[in-house]
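K.L.:
A single structure is presented below for examination.
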Amino acid sequence: MRTRCSLPNGYQWQQRYVVLYSELFRLEIDRIGLSKEELTITNAFLNFHANGNEIRKRFNTQFIAKEKTEYQDFFNDIEGNSLDNQQRECIITDEDNNLVIAGAGSGKTTTIVGKVKYLINRYKTKPENILLISFTKASAKDLTERVNFRGIEVRTFHSLGNDIIRSVEKGKPSIYDSNQFRRHINGIFKKLQGQEEYLNDITNYFISYMKLDKSSFEFDSQEDYIEYMKDQDFKTYKQKVATYGDKETVNREIVKSMEECKIANFLFFNRVRYEYEYPYEHNTRDLDYRQYKPDFTLFNNEEKIYLEHFGIDREGNVPPFFADEGQSHEDARLHYNQGIEWKRKTHQAHNTSCIETYSYENSEGVLLDNLAKKLTEAGITVNPMTQQEKWKVINEVAIDEVRAMVDLFIQFLSLFKSNNYSLDDLIKKLNSKSGFEKVRNTLFLKLFIPIYKEYQIILNEKAEIDFSDMINRATDYILTGKYTTTYDYIIVDEFQDISQGRYQLLNALKNSNPACRLFCVGDDWQSIYRFTGSDSSLFNQFERYFGVTEISKIETTYRFKNPMIDISGNFITQNPSQIKKQLRSFTNDASTSLKVEYSKTDTSDDTEALKQAFLKYVIKTLLKLTKNQYSVEELAEKIKAFELDKEMQELQQKKFLILGRNNRDFNRLNFENHPAWKKVSENQIQLTFAKKYIFDFQFLTVHRSKGLQANVVFIVNCNSGRYGFPNEISDDPVMDLLLSHAEPYPNAEERRLFYVALTRAKERTVCIANVNHISKFINQLDKKPPEEIKRCPRCKKGNLKLRTGPYGNFYGCSNFSYGCRYIKKKKK
Ligand SMILES: Nc1ncnc2c1ncn2[C@@H]1O[C@H](COP(=O)(O)OP(=O)(O)OP(=O)(O)O)[C@@H](O)[C@H]1O
């Protein structure tokens, strides 16, 4: 064991002796006959107890300053870099528990390399007494190479757990092949669908509980309500044919609210033929009003019956945000109720039948039962599909939802096991919830528990353990004394990805040697592995878990610059739970910019936008390289004539990354009609420019891009919707059952993921968003969108689209179908 040079934090020591201190303090010690020597010692104790922390701080400040001077040469060359002041200080700081909060690209790994070398050089710590842990095999290998010191091998938690088990059990444990995980869970899920009750539950979950049911009365602003609606994506299970130009596409029907979605699915699965917002059979158009389109038109043989769903409570009130600008809530209520009356009178006048349903029926949980009765009374036959038929339809039209459900099971199971939870723990947490969320979670658990049990049976039958079992079992061996360690120092990289199970292992290792010190480095802004078990509260509340801790920061980023530092920093800290840091760039000489490229197609193809974004970057860079001597047209000519060979070659040296939220986002790039572009492998794109210059683009998911960097990064699919960015599945509220602290800030995990995407580029990050489905993240980031993407001043979410009406051209909000009725006349 080495001797300590700086003074440890005395908080625990002060606590231990607090009673003795109070007793001595009460006594008049110079009058109780102590010898001179006893008096000196007692006074020193009292002084140190009262002022210990001040004394310690003063001493340590002096110590750090002295150490920085003495080891200046050493710190001037770590991996060929001269360390910055914060990097130096956190290496020298030497408490029992040390947490280094780092920024993206701030040299975390360089700092760890420096720490290890410092321990070995300065304190002569034996390499075998330093345990270095990283999270993935690749990062452990990279760190081993960077530390490059014989006897130091960086471990992953898994390899460590594996070795502990092997040493105790005197044999290698059989490890479950995690590559089979998805296949197994999918297989179990499919098998369970053969059971009648399970099939009932799963169809029920998809139809009624998959999307979050929030009443419009819960929202104060139309802005928030529209955002919620767009995130939830109110697609029914009915398909509709749509025509774009000369192409026909089949898409799921989209309605405007969760309640309408419930009604539509009810009609569809009960084989009631209907059309959504179909023009009323009688002409009602006049100069002020367009043709009336009832919510649903039901076809009963030759007869048409209408269905209107009214968004009112039992007293006829409407949600607060129904009021238009300058309109009082009471006026909005009157206006809406007049609309109801108009519809009733219209049906009376034309002798047509209209079934009415109300929002309050949904809040009271009787909407669909009442609807069934009303349909029967109106003579409409309700002919329910069997569960098998329903499930077949769901699989046919919404396979993405079925896959997402399997992803959710996988994510839930991983977090459940890596947290070392029991089913009882889940039930207890469940009981703390209420309302829709409780019913939804209960049904989810009913679906999850059999999957978990079957999975455990597979493990038992094969006598295998999975990664979570490995960590948990290793922890047990340490806690029961079957395995002992001698580590003086435990250093953990990427600490933001820690899970409860790994924390328990770490704590057990640390506590088995009282002299052991812990040095953890990570960036809470980049914690993106909740789906494999990480729990960000372990980072954010480090001290609560490990005891008194010295917290340091490294905040100079060596990758990206301003304005991206400020933009991304403001973006991530909108979530108040993220720790505040002041990132700054190592240089003011260059910048990293953020651009948004808006795709204007009606399809999910980002190809054209990617091309445009790339061209803009090429032009900008060439203008700079040629010192703005030429116009854009001249540049194009010169490229064709190969007169900018040097500049083009310089451009070719750059690294380009395309990032997607999911692997399937790669399919958003489709180069059918663009011969210069081609997909050359599963994740590679190539562009041949001017028939000569080849540019390579690598596609990665944002998760895979963690720790990587490029000159330019294009982020595709920056759109709203359940599978956009933010992806609404990953922040499914059911995950709260497993987190030690629920993350109340909306889309917290996805925000961190987007932050990781934003911070990969050295020069430019381009977000590609579709004008019709712009992600809320883009709305927050792009404060000044181009003219043609004028934000709607009312709902602030849509953009204004030029339309033609009876009084000429006008701008209307793209969120019209979500209820925003803003219009503005086009100036002549
Ligand atoms: N003091 C320094 N001076 C100059 N360059 C440095 C310094 N510290 C680190 N770097 C450089 O910064 C880059 C990023 O360092 P490193 O790989 O350690 O970052 P990181 O913080 O682990 O990144 P990420 O946040 O993406 O995981 C490397 O090229 C490294 O050499």
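Labels for the structure tokens follow display order: chains A, B, ..., residues from 1 in each chain, ligands from 1.
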Please identify every polymer residue within 7 Å of ligand 1, using only C-alpha atoms and all ligand atoms, and present the set as a list in words.
P.N.:
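My answer, listing the contacting residues, is Glu79, Asn81, Ser82, Leu83, Asp84, Ala102, Gly103, Ala104, Gly105, Ser106, Gly107, Lys108, Thr109, Thr110, Thr111, Tyr558, Arg559, Lys706, Gly707 and Leu708 of chain A.
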K.L.:
Once you have the residues from the selection above, write them out as a PDB file, in the first residue's frame, restricted to N, CA, C and O atoms.
P.N.:
ATOM      1  N   GLU A  79       0.600  11.319 -23.686  1.00  0.00           N
ATOM      2  CA  GLU A  79       0.205  10.941 -25.058  1.00  0.00           C
ATOM      3  C   GLU A  79       0.575  12.046 -26.052  1.00  0.00           C
ATOM      4  O   GLU A  79      -0.187  12.335 -26.984  1.00  0.00           O
ATOM      5  N   ASN A  81       0.410  15.178 -25.548  1.00  0.00           N
ATOM      6  CA  ASN A  81      -0.325  16.417 -25.277  1.00  0.00           C
ATOM      7  C   ASN A  81       0.135  17.036 -23.968  1.00  0.00           C
ATOM      8  O   ASN A  81       0.473  16.321 -23.028  1.00  0.00           O
ATOM      9  N   SER A  82       0.083  18.364 -23.935  1.00  0.00           N
ATOM     10  CA  SER A  82       0.327  19.027 -22.670  1.00  0.00           C
ATOM     11  C   SER A  82      -1.035  19.152 -21.982  1.00  0.00           C
ATOM     12  O   SER A  82      -1.951  19.775 -22.521  1.00  0.00           O
ATOM     13  N   LEU A  83      -1.166  18.550 -20.804  1.00  0.00           N
ATOM     14  CA  LEU A  83      -2.482  18.531 -20.151  1.00  0.00           C
ATOM     15  C   LEU A  83      -2.911  19.937 -19.745  1.00  0.00           C
ATOM     16  O   LEU A  83      -2.075  20.771 -19.405  1.00  0.00           O
ATOM     17  N   ASP A  84      -4.216  20.173 -19.762  1.00  0.00           N
ATOM     18  CA  ASP A  84      -4.690  21.473 -19.300  1.00  0.00           C
ATOM     19  C   ASP A  84      -4.791  21.454 -17.775  1.00  0.00           C
ATOM     20  O   ASP A  84      -4.651  20.397 -17.134  1.00  0.00           O
ATOM     21  N   ALA A 102     -16.802  15.097 -16.985  1.00  0.00           N
ATOM     22  CA  ALA A 102     -16.085  15.539 -18.186  1.00  0.00           C
ATOM     23  C   ALA A 102     -17.057  15.942 -19.276  1.00  0.00           C
ATOM     24  O   ALA A 102     -18.223  15.568 -19.255  1.00  0.00           O
ATOM     25  N   GLY A 103     -16.562  16.697 -20.234  1.00  0.00           N
ATOM     26  CA  GLY A 103     -17.365  17.064 -21.395  1.00  0.00           C
ATOM     27  C   GLY A 103     -17.003  16.166 -22.571  1.00  0.00           C
ATOM     28  O   GLY A 103     -15.976  15.475 -22.534  1.00  0.00           O
ATOM     29  N   ALA A 104     -17.816  16.219 -23.621  1.00  0.00           N
ATOM     30  CA  ALA A 104     -17.525  15.422 -24.813  1.00  0.00           C
ATOM     31  C   ALA A 104     -16.219  15.918 -25.428  1.00  0.00           C
ATOM     32  O   ALA A 104     -16.026  17.118 -25.581  1.00  0.00           O
ATOM     33  N   GLY A 105     -15.331  14.978 -25.739  1.00  0.00           N
ATOM     34  CA  GLY A 105     -14.070  15.337 -26.377  1.00  0.00           C
ATOM     35  C   GLY A 105     -13.124  16.117 -25.483  1.00  0.00           C
ATOM     36  O   GLY A 105     -12.219  16.800 -25.952  1.00  0.00           O
ATOM     37  N   SER A 106     -13.305  15.993 -24.150  1.00  0.00           N
ATOM     38  CA  SER A 106     -12.474  16.794 -23.242  1.00  0.00           C
ATOM     39  C   SER A 106     -11.227  16.051 -22.788  1.00  0.00           C
ATOM     40  O   SER A 106     -10.531  16.502 -21.890  1.00  0.00           O
ATOM     41  N   GLY A 107     -10.982  14.914 -23.419  1.00  0.00           N
ATOM     42  CA  GLY A 107      -9.764  14.175 -23.079  1.00  0.00           C
ATOM     43  C   GLY A 107      -9.918  13.324 -21.827  1.00  0.00           C
ATOM     44  O   GLY A 107      -9.002  13.236 -21.022  1.00  0.00           O
ATOM     45  N   LYS A 108     -11.068  12.648 -21.727  1.00  0.00           N
ATOM     46  CA  LYS A 108     -11.289  11.741 -20.584  1.00  0.00           C
ATOM     47  C   LYS A 108     -10.237  10.643 -20.589  1.00  0.00           C
ATOM     48  O   LYS A 108      -9.616  10.364 -19.575  1.00  0.00           O
ATOM     49  N   THR A 109     -10.081  10.052 -21.773  1.00  0.00           N
ATOM     50  CA  THR A 109      -9.161   8.916 -21.855  1.00  0.00           C
ATOM     51  C   THR A 109      -7.734   9.390 -21.607  1.00  0.00           C
ATOM     52  O   THR A 109      -6.980   8.742 -20.876  1.00  0.00           O
ATOM     53  N   THR A 110      -7.387  10.546 -22.180  1.00  0.00           N
ATOM     54  CA  THR A 110      -6.046  11.096 -21.955  1.00  0.00           C
ATOM     55  C   THR A 110      -5.826  11.300 -20.448  1.00  0.00           C
ATOM     56  O   THR A 110      -4.753  11.006 -19.916  1.00  0.00           O
ATOM     57  N   THR A 111      -6.856  11.790 -19.754  1.00  0.00           N
ATOM     58  CA  THR A 111      -6.724  12.043 -18.320  1.00  0.00           C
ATOM     59  C   THR A 111      -6.523  10.730 -17.552  1.00  0.00           C
ATOM     60  O   THR A 111      -5.711  10.661 -16.614  1.00  0.00           O
ATOM     61  N   TYR A 558     -11.566  19.260 -26.965  1.00  0.00           N
ATOM     62  CA  TYR A 558     -10.540  19.264 -28.028  1.00  0.00           C
ATOM     63  C   TYR A 558     -11.143  18.785 -29.349  1.00  0.00           C
ATOM     64  O   TYR A 558     -10.435  18.478 -30.277  1.00  0.00           O
ATOM     65  N   ARG A 559     -12.452  18.666 -29.396  1.00  0.00           N
ATOM     66  CA  ARG A 559     -13.069  18.209 -30.636  1.00  0.00           C
ATOM     67  C   ARG A 559     -13.845  19.315 -31.318  1.00  0.00           C
ATOM     68  O   ARG A 559     -13.534  19.729 -32.415  1.00  0.00           O
ATOM     69  N   LYS A 706     -20.779   6.792 -30.428  1.00  0.00           N
ATOM     70  CA  LYS A 706     -20.262   7.293 -29.147  1.00  0.00           C
ATOM     71  C   LYS A 706     -18.739   7.152 -29.116  1.00  0.00           C
ATOM     72  O   LYS A 706     -18.205   6.089 -29.428  1.00  0.00           O
ATOM     73  N   GLY A 707     -18.068   8.242 -28.781  1.00  0.00           N
ATOM     74  CA  GLY A 707     -16.598   8.192 -28.705  1.00  0.00           C
ATOM     75  C   GLY A 707     -15.921   8.453 -30.045  1.00  0.00           C
ATOM     76  O   GLY A 707     -14.713   8.606 -30.094  1.00  0.00           O
ATOM     77  N   LEU A 708     -16.697   8.483 -31.154  1.00  0.00           N
ATOM     78  CA  LEU A 708     -16.087   8.709 -32.473  1.00  0.00           C
ATOM     79  C   LEU A 708     -16.227  10.163 -32.882  1.00  0.00           C
ATOM     80  O   LEU A 708     -17.032  10.906 -32.334  1.00  0.00           O
TER      81      LEU A 708
END
K.L.:
Quick one: residues within 12 Å of Leu20 in chain A, only C-alpha atoms counted, chain neighbours fewer than 6 positions away excluded, as a ChimeraX atom specification?
P.N.:
/A:13-14,26-27,42,45-46,49
K.L.:
Calculate how many Å separate CA of Ser363 in chain A from CA of Lys211 in chain A, rounding to one decimal.
P.N.:
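Going from CA of Ser363 in chain A over to CA of Lys211 in chain A covers 15.5 Å.
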K.L.:
Among range 704-755 of chain A, which ones does DSSP assign to helix (DSSP H, G or I) (computed from the backbone)? Answer as a compact mmCIF listing (two decimals) with N, CA, C and O atoms, in the first residue's frame.
P.N.:
# COMPACT_ATOMS: atom_id res chain seq x y z
N ARG A 704 -23.73 3.73 -31.74
CA ARG A 704 -22.43 3.23 -32.20
C ARG A 704 -21.41 4.36 -32.36
O ARG A 704 -20.20 4.12 -32.35
N SER A 705 -21.90 5.58 -32.56
CA SER A 705 -20.97 6.68 -32.85
C SER A 705 -20.32 7.24 -31.58
O SER A 705 -19.42 8.05 -31.65
N PRO A 733 -42.86 5.20 -20.45
CA PRO A 733 -42.94 5.38 -18.99
C PRO A 733 -42.88 4.08 -18.19
O PRO A 733 -42.62 4.12 -16.99
N VAL A 734 -43.07 2.94 -18.85
CA VAL A 734 -43.00 1.68 -18.10
C VAL A 734 -41.58 1.48 -17.54
O VAL A 734 -41.39 0.83 -16.51
N MET A 735 -40.58 2.12 -18.18
CA MET A 735 -39.19 1.97 -17.71
C MET A 735 -39.01 2.58 -16.31
O MET A 735 -38.09 2.21 -15.59
N ASP A 736 -39.91 3.51 -15.95
CA ASP A 736 -39.80 4.13 -14.63
C ASP A 736 -39.91 3.10 -13.50
O ASP A 736 -39.43 3.33 -12.40
N LEU A 737 -40.55 1.96 -13.79
CA LEU A 737 -40.67 0.93 -12.76
C LEU A 737 -39.30 0.41 -12.34
O LEU A 737 -39.15 -0.18 -11.29
N ALA A 748 -35.82 12.49 -21.72
CA ALA A 748 -34.49 12.75 -21.13
C ALA A 748 -33.40 11.92 -21.80
O ALA A 748 -32.33 12.44 -22.16
N GLU A 749 -33.67 10.62 -21.98
CA GLU A 749 -32.64 9.75 -22.56
C GLU A 749 -32.40 10.11 -24.03
O GLU A 749 -31.26 10.16 -24.50
N GLU A 750 -33.48 10.40 -24.75
CA GLU A 750 -33.34 10.75 -26.17
C GLU A 750 -32.62 12.09 -26.34
O GLU A 750 -31.90 12.30 -27.30
N ARG A 751 -32.82 12.98 -25.42
CA ARG A 751 -32.13 14.27 -25.48
C ARG A 751 -30.62 14.04 -25.36
O ARG A 751 -29.83 14.64 -26.07
N ARG A 752 -30.23 13.14 -24.44
CA ARG A 752 -28.80 12.86 -24.30
C ARG A 752 -28.26 12.21 -25.58
O ARG A 752 -27.16 12.51 -26.03
N LEU A 753 -29.08 11.34 -26.15
CA LEU A 753 -28.64 10.67 -27.38
C LEU A 753 -28.46 11.69 -28.50
O LEU A 753 -27.50 11.64 -29.27
N PHE A 754 -29.38 12.64 -28.58
CA PHE A 754 -29.27 13.66 -29.61
C PHE A 754 -28.03 14.53 -29.35
O PHE A 754 -27.34 14.94 -30.27
N TYR A 755 -27.75 14.75 -28.08
CA TYR A 755 -26.55 15.52 -27.72
C TYR A 755 -25.29 14.80 -28.21
O TYR A 755 -24.39 15.42 -28.78
K.L.:
Considering only C-alpha atoms, return as a VMD selection string whatever protein or nucleic-acid residues lie within 8 Å of range 510-512 of chain A, sequence-local ones (same chain, fewer than 2 positions apart) excluded.
P.N.:
chain A and resid 478 484 to 485 487 490 506 to 508 514 516 to 518
K.L.:
Can you tell me which residues surround range 261-271 of chain A at a distance of at most 9 Å, considering only C-alpha atoms, apart from same-chain residues fewer than 6 positions away, and format the answer as a CSV table (one decimal) with C-alpha atoms, in the first residue's frame?
P.N.:
chain,number,residue,atom,x,y,z
A,207,ILE,CA,-55.1,-1.4,-29.4
A,208,SER,CA,-55.8,0.4,-26.1
A,234,PHE,CA,-52.4,8.6,-33.9
A,235,LYS,CA,-52.3,6.0,-36.6
A,236,THR,CA,-55.2,3.5,-36.5
A,237,TYR,CA,-54.8,-0.1,-37.8
A,238,LYS,CA,-56.8,0.7,-40.9
A,254,ILE,CA,-54.1,9.0,-39.2
A,255,VAL,CA,-56.6,10.6,-36.9
A,296,PHE,CA,-66.8,9.4,-39.0
A,298,LEU,CA,-70.4,4.7,-41.1
A,309,HIS,CA,-66.9,12.8,-31.1
A,367,LEU,CA,-66.4,5.3,-24.2
A,368,LEU,CA,-66.3,2.0,-26.1
A,371,LEU,CA,-70.3,3.2,-28.4
A,372,ALA,CA,-71.2,-0.5,-28.8
A,381,THR,CA,-74.1,-4.7,-36.7
A,382,VAL,CA,-71.0,-5.1,-34.5
A,383,ASN,CA,-69.2,-8.1,-35.6
A,384,PRO,CA,-65.9,-8.4,-33.7
A,385,MET,CA,-62.8,-10.0,-35.2
A,386,THR,CA,-61.3,-12.9,-33.2
A,389,GLU,CA,-57.7,-12.0,-36.6
A,390,LYS,CA,-56.9,-8.8,-34.8
K.L.:
What's the separation between CA of Pro726 in chain A and CA of Phe571 in chain A, in Å to one decimal place?
P.N.:
13.3 Å
K.L.:
Find the distance between CA of Lys561 in chain A and CA of Ile101 in chain A and write it in Å to one decimal.
P.N.:
19.0 Å
K.L.:
Please, which residues in range 667-753 of chain A fall within 12 Å of range 396-405 of chain A when counting only C-alpha atoms, and what is the closest atom pair and distance in Å to one decimal for each, ordered by chain then residue number, as a Markdown table?
P.N.:
| residue | atom | partner | partner_atom | distance |
| --- | --- | --- | --- | --- |
| A:Arg722 | CA | A:Glu401 | CA | 9.4 |
| A:Tyr723 | CA | A:Asp400 | CA | 8.9 |
| A:Asn727 | CA | A:Ala404 | CA | 10.6 |
| A:Glu728 | CA | A:Ala404 | CA | 10.4 |
| A:Ile729 | CA | A:Ala404 | CA | 7.2 |
| A:Ser730 | CA | A:Ala404 | CA | 9.2 |
| A:Asp732 | CA | A:Met405 | CA | 10.6 |
| A:Val734 | CA | A:Met405 | CA | 11.9 |
K.L.:
For Lys428 in chain A, work out the shell of residues within 12 Å, counting only C-alpha atoms and skipping chain neighbours fewer than 5 positions away, then give it as an MDAnalysis selection string.
P.N.:
chainID A and resid 421:423 433 438 442 737:738
K.L.:
Determine the nearest neighbour of Glu555 in chain A from the options A:Phe656, A:Phe586, A:Tyr336, A:Phe206, counting only C-alpha atoms.
P.N.:
A:Phe586
K.L.:
Give me the residues near Lys790 in chain A as an NGL selection string, where near means some atom within 9 Å (using only C-alpha atoms) and where sequence neighbours in that chain fewer than 5 positions away do not count.
P.N.:
:A and (784-785 or 798-801)
K.L.:
Kindly save the residues from that selection, with C-alpha atoms included, as a tab-separated table (two decimals), in the first residue's frame.
P.N.:
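Output contents, as saved in selection.tsv:
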chain	number	residue	atom	x	y	z
A	784	LYS	CA	-34.41	31.04	-37.29
A	785	PRO	CA	-35.70	28.59	-39.88
A	798	GLY	CA	-46.40	23.70	-37.54
A	799	ASN	CA	-45.13	25.69	-40.46
A	800	LEU	CA	-47.17	27.88	-42.78
A	801	LYS	CA	-48.15	26.35	-46.10
K.L.:
Restrict the calculation to only C-alpha atoms, then for each residue of range 324-414 of chain A with any atom at most 12 Å from an atom of range 454-457 of chain A give the closest atom pair and their distance in Å to one decimal, rows by chain and rising residue number, as a Markdown table.
P.N.:
| residue | atom | partner | partner_atom | distance |
| --- | --- | --- | --- | --- |
| A:Phe409 | CA | A:Tyr455 | CA | 11.4 |
| A:Ile410 | CA | A:Tyr455 | CA | 10.8 |
| A:Leu413 | CA | A:Tyr455 | CA | 9.5 |
| A:Ser414 | CA | A:Tyr455 | CA | 11.5 |
